Amino acid sequence: MPTETLIVQLAERSYPIHFSDVAERLKADVSNLRASGHSVRVISDAGVLKAQPEYLTQIGFEDGEILSLPSGEATKSIEFFSQALSHLASTASNRDCALFAFGGGVIGDLAGYVAASYLRGVDFYQIPSTLLSMVDSSVGGKTGINLPEGKNLVGAFWQPKAVYIDTALLQTLSPREFAAGMAEVIKYGMLADLELFNDLVALKGLNANSAELPAIVRGCCAIKAQIVADDEKETATSGGRALLNLGHSFAHAIENVAGYGQYLHGEAVAIGLVMATRLSAAIGQIPESDIMQVKELIKKFELPVRLNHVLKISDLMAAMQCDKKNRGGQLRFVTVTSLGTTVTTDDVDSNTIEELWRTVGAQ
Ligand SMILES: NC(=O)c1ccc[n+]([C@@H]2O[C@H](COP(=O)([O-])OP(=O)(O)OC[C@H]3O[C@@H](n4cnc5c(N)ncnc54)[C@H](O)[C@@H]3O)[C@@H](O)[C@H]2O)c1
């Protein structure tokens, strides 16, 4: 069982990620915040509050301090951003307000952007409750909401003051949501950690009760923390934080064209990882045999390796043009140079990409 706290090294904005005795630590930290004159507020969603009805009260949060929003991607919108800001204003929250996100990536992204915006910025804390948010979205300070025109188009970098990772919360997460988080775990192995990749290959399976889970979550956070420390705002001309988007150019296009909610983010990422592996083989960076290895791993964790209904290649190609990673009108991909190592790749011709879409069932 990992016991340490990991520090995300960002000079004066450095912060801890706590992995052990999390509920007790939270209780003490919330109590200290109150004692030093801070008001505390929580943004959460109806799904996690129903599944974990005692969690926040046992920590010491009071009902009136908790804003419950509907579950689902649609909550990452201007409407709920506005509702959350009004909630803070109407509950007399001032500059000393400490805002906690309790939920998955949807709540973390929205609450983080609320924290970045309210009174030009209040302190923000993350209590991630899905596997995806524990290994990915709660760390790194990317916050934001969607517009009807596209995902994550409005937002800010706003680092949390601390992240509290309590893997016991995953006991109530549905198997489908757990699997979606595994896509990001596999991504970390592919992009930066061959040992993690091989460990995942060796596992029979993984669930909320697996003894291996805490160490895997911690390992993913360590990779993300290092990448974020090296390139916080994704400004590196090549490599850097953009590498975390392995498979995501494809995934975002799938989510966009299929309609948000058709695929969970992690499910789209799983298909994207297969495509990124095929692309890496097509440009001669890895052997063809790696494709089968990645596909088998993804299938083992109950994730899709193909589209579940036909999408149009022309729509998917158009959606890819909107990817935030593109530079100077050119599509930018993350490719694997050997399992566990990745680079950003700019010069891929569109015929190659169209062919890749065909391999996952697009027409
Ligand atoms: N900021 C970043 O760096 C970053 C990185 C990756 C993904 N994201 C974003 O994260 C979002 C996806 O996050 P997600 O996959 O966590 O989905 P989510 O936040 O929608 O949560 C999934 C579902 O699980 C339920 N839930 C949460 N915790 C639970 C628990 N412990 N028990 C039972 N049910 C629980 C929620 O109510 C919800 O219905 C996307 O919007 C994506 O863009 C952000």
# chains A, B, ... in the order shown; residues from 1 in each chain; ligands from 1

call {"tool": "residues_around", "arguments": {"residues": "Trp357 of chain A", "least_positions_apart": "6", "cutoff": "9 Å", "atoms": "only C-alpha atoms", "output": "list in words"}}
result
Phe250, Met275, Ile313, Leu316, Met317 and Gln363 of chain A

call {"tool": "write_last_selection", "arguments": {"atoms": "C-alpha atoms", "output": "PDB file, in the first residue's frame"}}
result
ATOM      1  CA  PHE A 250      -8.798  10.365 -32.602  1.00  0.00           C
ATOM      2  CA  MET A 275      -5.254   4.024 -33.926  1.00  0.00           C
ATOM      3  CA  ILE A 313     -14.632   9.476 -42.374  1.00  0.00           C
ATOM      4  CA  LEU A 316     -14.135  12.544 -38.440  1.00  0.00           C
ATOM      5  CA  MET A 317     -11.463  14.248 -40.580  1.00  0.00           C
ATOM      6  CA  GLN A 363     -16.623   4.668 -43.827  1.00  0.00           C
TER       7      GLN A 363
END

call {"tool": "residues_near_ligand", "arguments": {"ligand": "ligand 1", "cutoff": "8 Å", "atoms": "only C-alpha atoms and all ligand atoms", "output": "ChimeraX atom specification"}}
result
/A:45-52,70-73,76,103-109,128-133,136-145,151-152,169-174,177,180-181,264-266

call {"tool": "atom_distance", "arguments": {"atom1": "atom CA of Ile223 of chain A", "atom2": "atom CA of Gly284 of chain A"}}
result
26.2 Å

call {"tool": "select_by_dssp", "arguments": {"residues": "segment 120-298 of chain A", "states": "strand (DSSP E or B)", "output": "PyMOL selection string"}}
result
chain A and resi 123-128+142-147+150-157+162-164

call {"tool": "closest_residue", "arguments": {"among": "A:Thr75, A:Ala222, A:Glu195, A:Glu184", "to": "Tyr260 of chain A", "atoms": "only C-alpha atoms"}}
result
A:Thr75

call {"tool": "residues_around", "arguments": {"residues": "Gln285 of chain A", "least_positions_apart": "2", "cutoff": "10 Å", "atoms": "only C-alpha atoms", "output": "short mmCIF file (atom, residue, chain, number, x, y, z; two decimals) with N, CA and C atoms, in the first residue's frame"}}
result
data_model
loop_
_atom_site.label_atom_id
_atom_site.label_comp_id
_atom_site.auth_asym_id
_atom_site.auth_seq_id
_atom_site.Cartn_x
_atom_site.Cartn_y
_atom_site.Cartn_z
N THR A 277 -1.37 3.54 -32.21
CA THR A 277 -0.39 2.45 -32.34
C THR A 277 -0.25 2.07 -33.82
N ARG A 278 -1.40 1.97 -34.51
CA ARG A 278 -1.35 1.64 -35.94
C ARG A 278 -0.59 2.72 -36.72
N LEU A 279 -0.84 3.98 -36.35
CA LEU A 279 -0.15 5.08 -37.03
C LEU A 279 1.36 4.97 -36.80
N SER A 280 1.74 4.66 -35.57
CA SER A 280 3.18 4.55 -35.24
C SER A 280 3.82 3.44 -36.07
N ALA A 281 3.08 2.33 -36.27
CA ALA A 281 3.60 1.23 -37.09
C ALA A 281 3.64 1.65 -38.56
N ALA A 282 2.61 2.37 -39.00
CA ALA A 282 2.53 2.77 -40.41
C ALA A 282 3.69 3.69 -40.80
N ILE A 283 4.16 4.50 -39.86
CA ILE A 283 5.29 5.39 -40.19
C ILE A 283 6.64 4.75 -39.77
N PRO A 287 7.16 -2.10 -34.50
CA PRO A 287 6.77 -3.26 -35.32
C PRO A 287 5.25 -3.49 -35.31
N GLU A 288 4.75 -4.09 -36.37
CA GLU A 288 3.32 -4.40 -36.49
C GLU A 288 2.83 -5.23 -35.29
N THR A 335 2.82 9.89 -31.30
CA THR A 335 3.10 8.52 -31.78
C THR A 335 4.10 7.83 -30.86
N VAL A 336 4.06 6.51 -30.94
CA VAL A 336 4.89 5.68 -30.07
C VAL A 336 6.17 5.33 -30.83
N THR A 337 7.32 5.58 -30.18
CA THR A 337 8.60 5.23 -30.84
C THR A 337 9.07 3.85 -30.38
N SER A 338 8.68 3.48 -29.16
CA SER A 338 8.75 2.09 -28.69
C SER A 338 7.79 2.10 -27.51
N THR A 342 7.17 8.11 -26.35
CA THR A 342 6.34 8.76 -27.38
C THR A 342 6.95 10.07 -27.85
#

call {"tool": "residues_around", "arguments": {"residues": "Cys221 of chain A", "least_positions_apart": "5", "cutoff": "12 Å", "atoms": "only C-alpha atoms", "output": "ChimeraX atom specification"}}
result
/A:5-8,16-19,131-140,163-165,184-185,188-189,192,214-216,226-229,244

call {"tool": "closest_residue", "arguments": {"among": "A:Pro160, A:Pro304, A:Gly329, A:Gly60", "to": "Tyr263 of chain A", "atoms": "only C-alpha atoms"}}
result
A:Pro304

call {"tool": "select_by_dssp", "arguments": {"residues": "segment 186-242 of chain A", "states": "helix (DSSP H, G or I)", "output": "ChimeraX atom specification"}}
result
/A:186-192,194-202,213-230,240-242

call {"tool": "atom_distance", "arguments": {"atom1": "atom CA of Gly155 of chain A", "atom2": "atom CA of Tyr113 of chain A"}}
result
6.1 Å

call {"tool": "closest_residue", "arguments": {"among": "A:Asp199, A:Val334, A:Arg25, A:Pro53", "to": "Asp346 of chain A", "atoms": "only C-alpha atoms"}}
result
A:Val334

call {"tool": "residues_around", "arguments": {"residues": "Asp323 of chain A", "least_positions_apart": "4", "cutoff": "9 Å", "atoms": "only C-alpha atoms", "output": "tab-separated table (two decimals) with N, CA and C atoms, in the first residue's frame"}}
result
chain	number	residue	atom	x	y	z
A	249	SER	N	-6.39	12.72	-30.23
A	249	SER	CA	-6.85	13.41	-31.46
A	249	SER	C	-7.97	12.59	-32.07
A	252	HIS	N	-11.18	12.52	-29.47
A	252	HIS	CA	-12.03	13.72	-29.48
A	252	HIS	C	-12.88	13.76	-30.74
A	253	ALA	N	-12.31	13.33	-31.87
A	253	ALA	CA	-13.08	13.31	-33.12
A	253	ALA	C	-14.25	12.31	-32.99
A	319	ALA	N	-13.62	16.96	-37.94
A	319	ALA	CA	-13.55	17.18	-36.48
A	319	ALA	C	-12.09	17.26	-36.03
A	331	LEU	N	-2.17	18.93	-38.80
A	331	LEU	CA	-2.57	18.00	-37.74
A	331	LEU	C	-1.33	17.56	-36.96
A	332	ARG	N	-1.48	17.48	-35.65
A	332	ARG	CA	-0.36	17.02	-34.82
A	332	ARG	C	-0.79	15.77	-34.06

call {"tool": "atom_distance", "arguments": {"atom1": "atom CA of Leu99 of chain A", "atom2": "atom CA of Phe124 of chain A"}}
result
4.9 Å

call {"tool": "closest_residue", "arguments": {"among": "A:Phe157, A:Phe102, A:Tyr118, A:Tyr15", "to": "Gln83 of chain A", "atoms": "only C-alpha atoms"}}
result
A:Tyr118

call {"tool": "closest_residue", "arguments": {"among": "A:Ile254, A:Ser39, A:Ser77, A:Ala28", "to": "Gln58 of chain A", "atoms": "only C-alpha atoms"}}
result
A:Ala28
